[in-house]
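> One structure, as structure tokens, below. Some questions next.
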Amino acid sequence: MYDNRPLNQLDTFENKKVEILLKNSNKITGTMKAYDLNLNLHLEDAEETDAESKIKLGSVLLRGSMIININEIK
Amino acid sequence: MYDNRPLNQLDTFENKKVEILLKNSNKITGTMKAYDLNLNLHLEDAEETDAESKIKLGSVLLRGSMIININEIK
Amino acid sequence: MYDNRPLNQLDTFENKKVEILLKNSNKITGTMKAYDLNLNLHLEDAEETDAESKIKLGSVLLRGSMIININEIK
Amino acid sequence: MYDNRPLNQLDTFENKKVEILLKNSNKITGTMKAYDLNLNLHLEDAEETDAESKIKLGSVLLRGSMIININEIK
Amino acid sequence: MYDNRPLNQLDTFENKKVEILLKNSNKITGTMKAYDLNLNLHLEDAEETDAESKIKLGSVLLRGSMIININEIK
Amino acid sequence: MYDNRPLNQLDTFENKKVEILLKNSNKITGTMKAYDLNLNLHLEDAEETDAESKIKLGSVLLRGSMIININEIK
Amino acid sequence: MYDNRPLNQLDTFENKKVEILLKNSNKITGTMKAYDLNLNLHLEDAEETDAESKIKLGSVLLRGSMIININEIK
């Protein structure tokens, strides 16, 4: 299984629109530009959604330790 | 006991349907594709269930630090 | 005291039925199959008990960072 | 993707006005002067906004482990 | 002060009855058998006390990261 | 940006009066005497303010992991 | 500032009565006997004070990760 590391999945998300669920229950969507081994993410055209509203963030750096999961929006 | 490391159990889950309990009490089910030593998981056909609803995530990267336990669904 | 490391106690639990108290106040029982230095555990015939119900998990990997304590059920 | 590390994005924020969302739900704005790999930030002309008020902090060191995300204010 | 490291105090607790306060406000008492540098403890004849009840645990491994303090019961 | 590390800012606070916001929402003021890379701080003439009261601490060691931000009081 | 590391301040507290504020809002007082780089402390004649009561702990090992700050009682 080690020949197929889970972070390799993020390579298939490059320049794709992704959705990220955060530990504070907020969601961030954006175009995936870069990641590192701590799951820090660089997103473009990002928007953050909480229980009440949606905020445009534009170009954003997201700290990996806040992330629960990342999936592609198709 | 060290000859039989607990993470080896995950090898037996390859391409099997698993259920993961998260620290925020949500559950994720999906087909196990890859893991690493931090328990980061790559799942396919994933669905997340919280207290109110079930959401289709599709192809997902799940951060290992959010996981309580992983078991196979038979 | 270092000649008698605490994790050695887990060797005496091999193939025994153990009870594990988790940080979320749930309890898991099961047959101890493997552990590592992070206290990740492989259990068989596992069951999880929360405030309301008991769920059969079967073969389970339990993340060590969620564990408060482990004791044998006699 | 590793040729394009996410923290490189912070280089493009140098001397720009940024907004930082913190884990306690507060927001800090300020001019980005320096960062390190833990996301510790040196900001000038910083202001912190919580649910009730806005406080001028001036020159501030912000601990990286408190940060959720960083974006430029345009 | 480094000639007198704080963990050396635990050597004086060997085979003594100790009381441990946990981060979840529970208390565990037991006979101290072993410790490591993460403060993982092996206790015998252990009992756990929470707000409502006292439970006999017998031989227990206690995870060090849950511990606030350890003192001898005289 | 790495030529100008954020912790260098703390050098400019030496012997100055600083205000520190803590994760428990308390604030500590004091004269900055020393810091390390974990942001552990030695303060003199320190005072801690919580929601209800102000307490004189005098000479204090403050654990870096509790800190949100540090700014000079002018 | 690195010539004057903050933990050196603890050397001046040797055999002095200190007060420690913990993350659970409790306070511990005691005579400082030893510390290490994780701020684990060995105290003698220790007492713990919570919202309701004061408990004599005697000789105690206090885990450093629970500590907010340490000051001398004069």
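Convention: chains lettered A, B, ... in structure tokens order; per-chain residue numbering from 1; ligands numbered from 1 as shown.
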Can you check which parts of chain E lie within 7 Å of chain G? Per residue, the shortest pair of atoms and distance in Å to one decimal, counting only C-alpha atoms, sorted by chain and number, as JSON lines.

```
{"residue": "E:Met1", "atom": "CA", "partner": "G:Ala34", "partner_atom": "CA", "distance": 5.8}
{"residue": "E:Tyr2", "atom": "CA", "partner": "G:Asp36", "partner_atom": "CA", "distance": 7.0}
{"residue": "E:Asn4", "atom": "CA", "partner": "G:Ala34", "partner_atom": "CA", "distance": 5.9}
{"residue": "E:Arg5", "atom": "CA", "partner": "G:Ala34", "partner_atom": "CA", "distance": 5.6}
{"residue": "E:Pro6", "atom": "CA", "partner": "G:His42", "partner_atom": "CA", "distance": 4.8}
{"residue": "E:Gln9", "atom": "CA", "partner": "G:His42", "partner_atom": "CA", "distance": 6.9}
{"residue": "E:Ile67", "atom": "CA", "partner": "G:Arg63", "partner_atom": "CA", "distance": 6.9}
{"residue": "E:Ile68", "atom": "CA", "partner": "G:Arg63", "partner_atom": "CA", "distance": 5.4}
{"residue": "E:Asn69", "atom": "CA", "partner": "G:Leu62", "partner_atom": "CA", "distance": 4.5}
{"residue": "E:Ile70", "atom": "CA", "partner": "G:Leu61", "partner_atom": "CA", "distance": 5.2}
{"residue": "E:Asn71", "atom": "CA", "partner": "G:Val60", "partner_atom": "CA", "distance": 4.5}
{"residue": "E:Glu72", "atom": "CA", "partner": "G:Ser59", "partner_atom": "CA", "distance": 6.9}
```
> Once you have the residues from the selection above, write them out as a short mmCIF file (atom, residue, chain, number, x, y, z; two decimals), in the first residue's frame, restricted to C-alpha atoms.

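Writing done, so here's selection.cif:
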```cif
data_model
loop_
_atom_site.label_atom_id
_atom_site.label_comp_id
_atom_site.auth_asym_id
_atom_site.auth_seq_id
_atom_site.Cartn_x
_atom_site.Cartn_y
_atom_site.Cartn_z
CA MET E 1 18.80 22.27 38.54
CA TYR E 2 19.38 19.83 35.69
CA ASN E 4 17.97 16.91 39.74
CA ARG E 5 15.51 16.15 36.92
CA PRO E 6 11.79 16.19 37.88
CA GLN E 9 10.86 11.96 41.57
CA ILE E 67 -1.96 13.32 33.06
CA ILE E 68 -1.97 16.64 34.97
CA ASN E 69 -0.11 15.56 38.09
CA ILE E 70 1.06 12.56 40.09
CA ASN E 71 1.48 12.43 43.87
CA GLU E 72 2.13 9.71 46.43
#
```
> Check chain G with DSSP on the backbone and list each residue it calls strand (DSSP E), as number ranges by chain.
G: 17-22, 27-35, 41-49, 54-62, 67-72
> I need the chosen residues saved as a CSV table (one decimal), in the first residue's frame, with N, CA and C atoms.

```csv
chain,number,residue,atom,x,y,z
G,17,LYS,N,9.1,29.2,47.1
G,17,LYS,CA,7.6,28.9,46.9
G,17,LYS,C,7.1,29.6,45.6
G,18,VAL,N,6.5,28.7,44.8
G,18,VAL,CA,6.0,29.3,43.5
G,18,VAL,C,4.5,29.0,43.4
G,19,GLU,N,3.9,29.7,42.5
G,19,GLU,CA,2.5,29.5,42.1
G,19,GLU,C,2.4,29.2,40.6
G,20,ILE,N,1.6,28.2,40.3
G,20,ILE,CA,1.5,27.8,38.9
G,20,ILE,C,0.0,27.8,38.5
G,21,LEU,N,-0.2,28.5,37.4
G,21,LEU,CA,-1.6,28.5,36.8
G,21,LEU,C,-1.7,27.5,35.7
G,22,LEU,N,-2.7,26.6,35.8
G,22,LEU,CA,-2.9,25.5,34.9
G,22,LEU,C,-3.9,25.8,33.9
G,27,LYS,N,-5.0,26.3,40.3
G,27,LYS,CA,-3.6,26.8,40.7
G,27,LYS,C,-3.0,25.8,41.6
G,28,ILE,N,-1.7,25.6,41.5
G,28,ILE,CA,-0.9,24.8,42.3
G,28,ILE,C,0.2,25.7,43.0
G,29,THR,N,0.4,25.6,44.3
G,29,THR,CA,1.5,26.2,44.9
G,29,THR,C,2.4,25.1,45.5
G,30,GLY,N,3.7,25.4,45.6
G,30,GLY,CA,4.6,24.5,46.2
G,30,GLY,C,6.1,25.0,46.1
G,31,THR,N,7.0,24.2,46.7
G,31,THR,CA,8.4,24.6,46.7
G,31,THR,C,9.1,23.9,45.5
G,32,MET,N,9.7,24.7,44.7
G,32,MET,CA,10.3,24.3,43.4
G,32,MET,C,11.6,23.5,43.7
G,33,LYS,N,11.5,22.2,43.2
G,33,LYS,CA,12.7,21.3,43.4
G,33,LYS,C,13.4,21.0,42.1
G,34,ALA,N,12.7,20.9,41.0
G,34,ALA,CA,13.4,20.5,39.8
G,34,ALA,C,12.4,20.9,38.6
G,35,TYR,N,13.1,21.1,37.4
G,35,TYR,CA,12.3,21.3,36.2
G,35,TYR,C,13.1,20.7,35.0
G,41,LEU,N,7.6,19.8,36.3
G,41,LEU,CA,8.1,20.3,37.6
G,41,LEU,C,7.9,19.3,38.7
G,42,HIS,N,8.9,19.3,39.6
G,42,HIS,CA,8.9,18.5,40.9
G,42,HIS,C,8.7,19.6,42.0
G,43,LEU,N,7.6,19.5,42.7
G,43,LEU,CA,7.3,20.4,43.8
G,43,LEU,C,7.1,19.6,45.1
G,44,GLU,N,7.5,20.3,46.2
G,44,GLU,CA,7.3,19.7,47.5
G,44,GLU,C,6.2,20.6,48.2
G,45,ASP,N,5.5,20.0,49.2
G,45,ASP,CA,4.5,20.7,50.0
G,45,ASP,C,3.5,21.4,49.1
G,46,ALA,N,3.1,20.7,48.0
G,46,ALA,CA,2.2,21.3,47.0
G,46,ALA,C,0.8,21.2,47.5
G,47,GLU,N,0.0,22.3,47.1
G,47,GLU,CA,-1.4,22.3,47.3
G,47,GLU,C,-2.1,22.8,46.0
G,48,GLU,N,-3.2,22.1,45.7
G,48,GLU,CA,-3.9,22.5,44.4
G,48,GLU,C,-5.3,23.2,44.8
G,49,THR,N,-5.5,24.3,44.2
G,49,THR,CA,-6.7,25.1,44.4
G,49,THR,C,-7.6,25.1,43.2
G,54,LYS,N,-9.3,23.4,48.3
G,54,LYS,CA,-7.9,23.4,48.3
G,54,LYS,C,-7.5,22.0,48.8
G,55,ILE,N,-6.6,21.3,48.1
G,55,ILE,CA,-6.2,19.9,48.4
G,55,ILE,C,-4.7,19.8,48.6
G,56,LYS,N,-4.3,19.2,49.7
G,56,LYS,CA,-2.8,19.0,49.9
G,56,LYS,C,-2.3,17.8,49.1
G,57,LEU,N,-1.3,18.1,48.2
G,57,LEU,CA,-0.8,17.0,47.4
G,57,LEU,C,0.6,16.5,47.9
G,58,GLY,N,1.3,17.3,48.7
G,58,GLY,CA,2.6,16.9,49.2
G,58,GLY,C,3.6,16.9,48.1
G,59,SER,N,4.3,15.8,47.9
G,59,SER,CA,5.4,15.7,46.8
G,59,SER,C,4.7,15.4,45.5
G,60,VAL,N,4.9,16.3,44.5
G,60,VAL,CA,4.1,16.1,43.3
G,60,VAL,C,4.9,16.3,42.0
G,61,LEU,N,4.6,15.5,41.0
G,61,LEU,CA,5.2,15.8,39.6
G,61,LEU,C,4.1,16.4,38.8
G,62,LEU,N,4.3,17.6,38.2
G,62,LEU,CA,3.4,18.3,37.5
G,62,LEU,C,3.8,18.3,36.0
G,67,ILE,N,0.8,23.7,32.0
G,67,ILE,CA,1.1,25.0,32.6
G,67,ILE,C,0.9,26.2,31.7
G,68,ILE,N,0.3,27.2,32.3
G,68,ILE,CA,0.2,28.5,31.6
G,68,ILE,C,1.4,29.4,32.1
G,69,ASN,N,1.5,29.6,33.4
G,69,ASN,CA,2.6,30.4,33.8
G,69,ASN,C,3.0,30.1,35.2
G,70,ILE,N,4.3,30.5,35.6
G,70,ILE,CA,4.9,30.1,36.9
G,70,ILE,C,5.4,31.4,37.4
G,71,ASN,N,5.1,31.8,38.7
G,71,ASN,CA,5.7,32.9,39.3
G,71,ASN,C,6.0,32.7,40.8
G,72,GLU,N,7.0,33.4,41.3
G,72,GLU,CA,7.4,33.2,42.7
G,72,GLU,C,6.4,33.9,43.6
```
> How would chain A read as a tab-separated table (two decimals) with N, CA, C and O atoms, in the first residue's frame once least-squares superposed on chain B using all paired C-alpha atoms?

```
chain	number	residue	atom	x	y	z
A	1	MET	N	5.29	-8.75	20.10
A	1	MET	CA	4.11	-8.09	19.52
A	1	MET	C	4.52	-7.15	18.39
A	1	MET	O	3.75	-6.79	17.53
A	2	TYR	N	5.80	-6.70	18.41
A	2	TYR	CA	6.25	-5.76	17.39
A	2	TYR	C	6.37	-6.39	16.02
A	2	TYR	O	6.45	-5.71	15.02
A	3	ASP	N	6.38	-7.75	15.95
A	3	ASP	CA	6.41	-8.41	14.65
A	3	ASP	C	5.07	-8.26	13.93
A	3	ASP	O	4.97	-8.50	12.74
A	4	ASN	N	4.07	-7.86	14.67
A	4	ASN	CA	2.71	-7.78	14.15
A	4	ASN	C	2.18	-6.38	14.40
A	4	ASN	O	1.39	-6.16	15.29
A	5	ARG	N	2.68	-5.40	13.63
A	5	ARG	CA	2.34	-4.00	13.89
A	5	ARG	C	0.88	-3.71	13.56
A	5	ARG	O	0.34	-4.23	12.60
A	6	PRO	N	0.20	-2.84	14.36
A	6	PRO	CA	-1.24	-2.62	14.17
A	6	PRO	C	-1.57	-2.04	12.79
A	6	PRO	O	-2.63	-2.36	12.23
A	7	LEU	N	-0.70	-1.20	12.24
A	7	LEU	CA	-1.04	-0.60	10.94
A	7	LEU	C	-1.07	-1.64	9.82
A	7	LEU	O	-1.68	-1.41	8.77
A	8	ASN	N	-0.42	-2.79	10.05
A	8	ASN	CA	-0.50	-3.86	9.04
A	8	ASN	C	-1.95	-4.29	8.79
A	8	ASN	O	-2.28	-4.78	7.71
A	9	GLN	N	-2.79	-4.07	9.79
A	9	GLN	CA	-4.20	-4.41	9.65
A	9	GLN	C	-4.82	-3.67	8.46
A	9	GLN	O	-5.70	-4.19	7.78
A	10	LEU	N	-4.35	-2.44	8.22
A	10	LEU	CA	-4.90	-1.64	7.12
A	10	LEU	C	-4.62	-2.28	5.76
A	10	LEU	O	-5.37	-2.06	4.80
A	11	ASP	N	-3.54	-3.05	5.67
A	11	ASP	CA	-3.26	-3.74	4.39
A	11	ASP	C	-4.40	-4.70	4.03
A	11	ASP	O	-4.73	-4.87	2.86
A	12	THR	N	-5.00	-5.29	5.06
A	12	THR	CA	-6.09	-6.23	4.78
A	12	THR	C	-7.36	-5.52	4.35
A	12	THR	O	-8.31	-6.14	3.89
A	13	PHE	N	-7.39	-4.17	4.52
A	13	PHE	CA	-8.58	-3.38	4.15
A	13	PHE	C	-8.47	-2.85	2.71
A	13	PHE	O	-9.40	-2.19	2.24
A	14	GLU	N	-7.36	-3.12	2.00
A	14	GLU	CA	-7.16	-2.53	0.67
A	14	GLU	C	-8.31	-2.89	-0.27
A	14	GLU	O	-8.67	-4.08	-0.40
A	15	ASN	N	-8.89	-1.84	-0.89
A	15	ASN	CA	-10.02	-1.98	-1.83
A	15	ASN	C	-11.29	-2.53	-1.18
A	15	ASN	O	-12.24	-2.85	-1.88
A	16	LYS	N	-11.30	-2.58	0.16
A	16	LYS	CA	-12.50	-2.98	0.89
A	16	LYS	C	-13.26	-1.72	1.34
A	16	LYS	O	-12.69	-0.64	1.42
A	17	LYS	N	-14.53	-1.90	1.64
A	17	LYS	CA	-15.33	-0.79	2.14
A	17	LYS	C	-15.08	-0.67	3.65
A	17	LYS	O	-15.25	-1.64	4.39
A	18	VAL	N	-14.71	0.52	4.09
A	18	VAL	CA	-14.41	0.75	5.49
A	18	VAL	C	-15.29	1.87	6.04
A	18	VAL	O	-15.84	2.68	5.29
A	19	GLU	N	-15.38	1.88	7.37
A	19	GLU	CA	-16.10	2.94	8.08
A	19	GLU	C	-15.12	3.58	9.05
A	19	GLU	O	-14.40	2.88	9.76
A	20	ILE	N	-15.10	4.93	9.07
A	20	ILE	CA	-14.16	5.66	9.92
A	20	ILE	C	-14.94	6.58	10.84
A	20	ILE	O	-15.76	7.38	10.38
A	21	LEU	N	-14.67	6.48	12.13
A	21	LEU	CA	-15.28	7.38	13.11
A	21	LEU	C	-14.31	8.53	13.35
A	21	LEU	O	-13.12	8.32	13.62
A	22	LEU	N	-14.83	9.78	13.23
A	22	LEU	CA	-13.99	10.97	13.39
A	22	LEU	C	-14.17	11.61	14.76
A	22	LEU	O	-15.18	11.39	15.44
A	23	LYS	N	-13.21	12.45	15.15
A	23	LYS	CA	-13.25	13.10	16.47
A	23	LYS	C	-14.44	14.04	16.61
A	23	LYS	O	-14.85	14.33	17.72
A	24	ASN	N	-14.97	14.55	15.47
A	24	ASN	CA	-16.15	15.43	15.55
A	24	ASN	C	-17.45	14.61	15.55
A	24	ASN	O	-18.53	15.15	15.32
A	25	SER	N	-17.35	13.29	15.77
A	25	SER	CA	-18.48	12.35	15.87
A	25	SER	C	-19.09	11.99	14.53
A	25	SER	O	-20.01	11.17	14.47
A	26	ASN	N	-18.62	12.62	13.43
A	26	ASN	CA	-19.08	12.21	12.09
A	26	ASN	C	-18.49	10.86	11.72
A	26	ASN	O	-17.50	10.41	12.30
A	27	LYS	N	-19.13	10.21	10.74
A	27	LYS	CA	-18.61	8.95	10.20
A	27	LYS	C	-18.40	9.11	8.71
A	27	LYS	O	-19.19	9.76	8.02
A	28	ILE	N	-17.33	8.52	8.19
A	28	ILE	CA	-17.08	8.49	6.76
A	28	ILE	C	-16.96	7.03	6.34
A	28	ILE	O	-16.28	6.25	7.01
A	29	THR	N	-17.68	6.67	5.26
A	29	THR	CA	-17.50	5.35	4.65
A	29	THR	C	-16.89	5.54	3.28
A	29	THR	O	-17.05	6.60	2.65
A	30	GLY	N	-16.17	4.52	2.80
A	30	GLY	CA	-15.59	4.59	1.47
A	30	GLY	C	-14.72	3.39	1.20
A	30	GLY	O	-14.52	2.55	2.10
A	31	THR	N	-14.21	3.32	-0.01
A	31	THR	CA	-13.33	2.22	-0.40
A	31	THR	C	-11.89	2.64	-0.17
A	31	THR	O	-11.45	3.68	-0.66
A	32	MET	N	-11.16	1.83	0.58
A	32	MET	CA	-9.80	2.16	1.04
A	32	MET	C	-8.80	2.00	-0.10
A	32	MET	O	-8.64	0.90	-0.65
A	33	LYS	N	-8.13	3.09	-0.44
A	33	LYS	CA	-7.19	3.06	-1.56
A	33	LYS	C	-5.74	3.21	-1.11
A	33	LYS	O	-4.83	2.65	-1.75
A	34	ALA	N	-5.50	4.01	-0.05
A	34	ALA	CA	-4.12	4.22	0.40
A	34	ALA	C	-4.12	4.80	1.80
A	34	ALA	O	-5.07	5.44	2.21
A	35	TYR	N	-3.01	4.54	2.52
A	35	TYR	CA	-2.83	5.14	3.84
A	35	TYR	C	-1.35	5.43	4.04
A	35	TYR	O	-0.50	4.87	3.34
A	36	ASP	N	-1.04	6.30	5.02
A	36	ASP	CA	0.35	6.48	5.42
A	36	ASP	C	0.46	6.35	6.94
A	36	ASP	O	-0.52	6.06	7.62
A	37	LEU	N	1.65	6.56	7.47
A	37	LEU	CA	1.90	6.30	8.89
A	37	LEU	C	1.20	7.29	9.82
A	37	LEU	O	1.04	7.03	11.01
A	38	ASN	N	0.75	8.44	9.27
A	38	ASN	CA	-0.05	9.38	10.05
A	38	ASN	C	-1.53	9.03	10.00
A	38	ASN	O	-2.35	9.76	10.55
A	39	LEU	N	-1.86	7.93	9.32
A	39	LEU	CA	-3.24	7.48	9.11
A	39	LEU	C	-4.02	8.39	8.16
A	39	LEU	O	-5.25	8.30	8.09
A	40	ASN	N	-3.32	9.28	7.41
A	40	ASN	CA	-3.99	9.94	6.29
A	40	ASN	C	-4.50	8.86	5.36
A	40	ASN	O	-3.80	7.89	5.06
A	41	LEU	N	-5.76	9.03	4.88
A	41	LEU	CA	-6.39	7.99	4.05
A	41	LEU	C	-6.85	8.58	2.72
A	41	LEU	O	-7.37	9.70	2.66
A	42	HIS	N	-6.70	7.80	1.65
A	42	HIS	CA	-7.33	8.09	0.37
A	42	HIS	C	-8.48	7.11	0.22
A	42	HIS	O	-8.27	5.89	0.21
A	43	LEU	N	-9.72	7.66	0.13
A	43	LEU	CA	-10.92	6.85	-0.04
A	43	LEU	C	-11.58	7.20	-1.36
A	43	LEU	O	-11.56	8.35	-1.79
A	44	GLU	N	-12.21	6.22	-1.99
A	44	GLU	CA	-13.06	6.46	-3.17
A	44	GLU	C	-14.50	6.17	-2.79
A	44	GLU	O	-14.77	5.41	-1.85
A	45	ASP	N	-15.43	6.81	-3.53
A	45	ASP	CA	-16.88	6.60	-3.29
A	45	ASP	C	-17.23	6.88	-1.83
A	45	ASP	O	-18.03	6.17	-1.22
A	46	ALA	N	-16.62	7.93	-1.29
A	46	ALA	CA	-16.80	8.23	0.13
A	46	ALA	C	-18.10	8.99	0.38
A	46	ALA	O	-18.57	9.77	-0.46
A	47	GLU	N	-18.67	8.74	1.55
A	47	GLU	CA	-19.84	9.46	2.04
A	47	GLU	C	-19.61	9.83	3.49
A	47	GLU	O	-19.10	9.03	4.27
A	48	GLU	N	-20.01	11.06	3.87
A	48	GLU	CA	-19.85	11.52	5.25
A	48	GLU	C	-21.23	11.65	5.89
A	48	GLU	O	-22.15	12.23	5.33
A	49	THR	N	-21.37	11.11	7.09
A	49	THR	CA	-22.63	11.16	7.81
A	49	THR	C	-22.46	11.95	9.09
A	49	THR	O	-21.61	11.61	9.92
A	50	ASP	N	-23.24	13.03	9.26
A	50	ASP	CA	-23.25	13.71	10.56
A	50	ASP	C	-24.63	13.52	11.19
A	50	ASP	O	-25.43	12.69	10.74
A	51	ALA	N	-24.90	14.25	12.25
A	51	ALA	CA	-26.13	14.03	13.01
A	51	ALA	C	-27.38	14.24	12.15
A	51	ALA	O	-28.43	13.66	12.41
A	52	GLU	N	-27.25	15.04	11.09
A	52	GLU	CA	-28.44	15.45	10.34
A	52	GLU	C	-28.53	14.88	8.93
A	52	GLU	O	-29.62	14.71	8.38
A	53	SER	N	-27.40	14.61	8.29
A	53	SER	CA	-27.48	14.31	6.87
A	53	SER	C	-26.31	13.44	6.41
A	53	SER	O	-25.36	13.20	7.15
A	54	LYS	N	-26.42	12.95	5.16
A	54	LYS	CA	-25.36	12.17	4.52
A	54	LYS	C	-24.95	12.90	3.24
A	54	LYS	O	-25.80	13.26	2.42
A	55	ILE	N	-23.64	13.14	3.07
A	55	ILE	CA	-23.14	13.90	1.92
A	55	ILE	C	-22.19	13.02	1.11
A	55	ILE	O	-21.28	12.41	1.68
A	56	LYS	N	-22.36	13.00	-0.22
A	56	LYS	CA	-21.44	12.25	-1.09
A	56	LYS	C	-20.18	13.07	-1.32
A	56	LYS	O	-20.25	14.22	-1.76
A	57	LEU	N	-19.03	12.50	-1.00
A	57	LEU	CA	-17.76	13.19	-1.17
A	57	LEU	C	-16.98	12.68	-2.38
A	57	LEU	O	-16.10	13.36	-2.86
A	58	GLY	N	-17.27	11.48	-2.84
A	58	GLY	CA	-16.53	10.91	-3.95
A	58	GLY	C	-15.12	10.54	-3.55
A	58	GLY	O	-14.90	9.85	-2.55
A	59	SER	N	-14.14	11.05	-4.30
A	59	SER	CA	-12.73	10.79	-4.02
A	59	SER	C	-12.26	11.77	-2.95
A	59	SER	O	-12.37	12.99	-3.13
A	60	VAL	N	-11.75	11.26	-1.83
A	60	VAL	CA	-11.46	12.15	-0.69
A	60	VAL	C	-10.13	11.81	-0.03
A	60	VAL	O	-9.73	10.65	0.02
A	61	LEU	N	-9.45	12.86	0.43
A	61	LEU	CA	-8.29	12.68	1.29
A	61	LEU	C	-8.74	13.04	2.70
A	61	LEU	O	-9.24	14.14	2.95
A	62	LEU	N	-8.53	12.12	3.64
A	62	LEU	CA	-8.97	12.30	5.03
A	62	LEU	C	-7.73	12.42	5.91
A	62	LEU	O	-6.85	11.56	5.87
A	63	ARG	N	-7.69	13.49	6.72
A	63	ARG	CA	-6.51	13.74	7.57
A	63	ARG	C	-6.49	12.76	8.74
A	63	ARG	O	-7.46	12.66	9.51
A	64	GLY	N	-5.37	12.08	8.93
A	64	GLY	CA	-5.27	11.03	9.94
A	64	GLY	C	-5.50	11.51	11.36
A	64	GLY	O	-6.04	10.77	12.19
A	65	SER	N	-5.14	12.75	11.67
A	65	SER	CA	-5.24	13.22	13.06
A	65	SER	C	-6.69	13.38	13.50
A	65	SER	O	-6.95	13.57	14.69
A	66	MET	N	-7.64	13.32	12.56
A	66	MET	CA	-9.06	13.43	12.91
A	66	MET	C	-9.70	12.08	13.22
A	66	MET	O	-10.85	12.02	13.63
A	67	ILE	N	-8.96	10.99	13.03
A	67	ILE	CA	-9.55	9.65	13.09
A	67	ILE	C	-9.52	9.07	14.50
A	67	ILE	O	-8.51	9.18	15.20
A	68	ILE	N	-10.63	8.47	14.93
A	68	ILE	CA	-10.66	7.67	16.16
A	68	ILE	C	-10.41	6.20	15.82
A	68	ILE	O	-9.50	5.59	16.35
A	69	ASN	N	-11.24	5.63	14.95
A	69	ASN	CA	-11.00	4.23	14.58
A	69	ASN	C	-11.48	3.92	13.17
A	69	ASN	O	-12.28	4.66	12.59
A	70	ILE	N	-10.97	2.83	12.64
A	70	ILE	CA	-11.25	2.38	11.27
A	70	ILE	C	-11.62	0.91	11.35
A	70	ILE	O	-10.88	0.11	11.92
A	71	ASN	N	-12.79	0.55	10.75
A	71	ASN	CA	-13.13	-0.88	10.68
A	71	ASN	C	-13.74	-1.20	9.32
A	71	ASN	O	-14.26	-0.33	8.62
A	72	GLU	N	-13.60	-2.46	8.93
A	72	GLU	CA	-14.14	-2.91	7.65
A	72	GLU	C	-15.65	-3.10	7.77
A	72	GLU	O	-16.16	-3.52	8.82
A	73	ILE	N	-16.40	-2.77	6.71
A	73	ILE	CA	-17.84	-3.05	6.66
A	73	ILE	C	-18.03	-4.33	5.86
A	73	ILE	O	-17.61	-4.40	4.71
A	74	LYS	N	-18.62	-5.28	6.48
A	74	LYS	CA	-18.79	-6.57	5.80
A	74	LYS	C	-20.25	-6.82	5.43
A	74	LYS	O	-21.14	-6.14	5.92
```
> Hey, what does DSSP flag as helix (DSSP H, G or I) within chain E? Can you give it to me as a ChimeraX atom specification?
/E:8-11,64-66
> For the selection you just gave me, I'd like the residues written to a file as a PDB file, in the first residue's frame, keeping N, CA and C atoms.

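Saved result, result.pdb, follows:
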```pdb
ATOM      1  N   ASN E   8      12.931  12.146  38.007  1.00  0.00           N
ATOM      2  CA  ASN E   8      13.583  11.302  39.017  1.00  0.00           C
ATOM      3  C   ASN E   8      12.677  11.102  40.232  1.00  0.00           C
ATOM      4  N   GLN E   9      11.793  12.072  40.449  1.00  0.00           N
ATOM      5  CA  GLN E   9      10.859  11.957  41.573  1.00  0.00           C
ATOM      6  C   GLN E   9      10.033  10.672  41.454  1.00  0.00           C
ATOM      7  N   LEU E  10       9.727  10.271  40.225  1.00  0.00           N
ATOM      8  CA  LEU E  10       8.908   9.071  40.023  1.00  0.00           C
ATOM      9  C   LEU E  10       9.630   7.810  40.505  1.00  0.00           C
ATOM     10  N   ASP E  11      10.960   7.848  40.510  1.00  0.00           N
ATOM     11  CA  ASP E  11      11.697   6.681  41.023  1.00  0.00           C
ATOM     12  C   ASP E  11      11.365   6.440  42.499  1.00  0.00           C
ATOM     13  N   GLY E  64       0.368   8.909  29.103  1.00  0.00           N
ATOM     14  CA  GLY E  64       0.974  10.059  29.772  1.00  0.00           C
ATOM     15  C   GLY E  64       0.375  11.386  29.373  1.00  0.00           C
ATOM     16  N   SER E  65      -0.071  11.522  28.129  1.00  0.00           N
ATOM     17  CA  SER E  65      -0.562  12.818  27.666  1.00  0.00           C
ATOM     18  C   SER E  65      -1.862  13.232  28.334  1.00  0.00           C
ATOM     19  N   MET E  66      -2.506  12.306  29.049  1.00  0.00           N
ATOM     20  CA  MET E  66      -3.753  12.625  29.763  1.00  0.00           C
ATOM     21  C   MET E  66      -3.509  13.130  31.188  1.00  0.00           C
TER      22      MET E  66
END
```
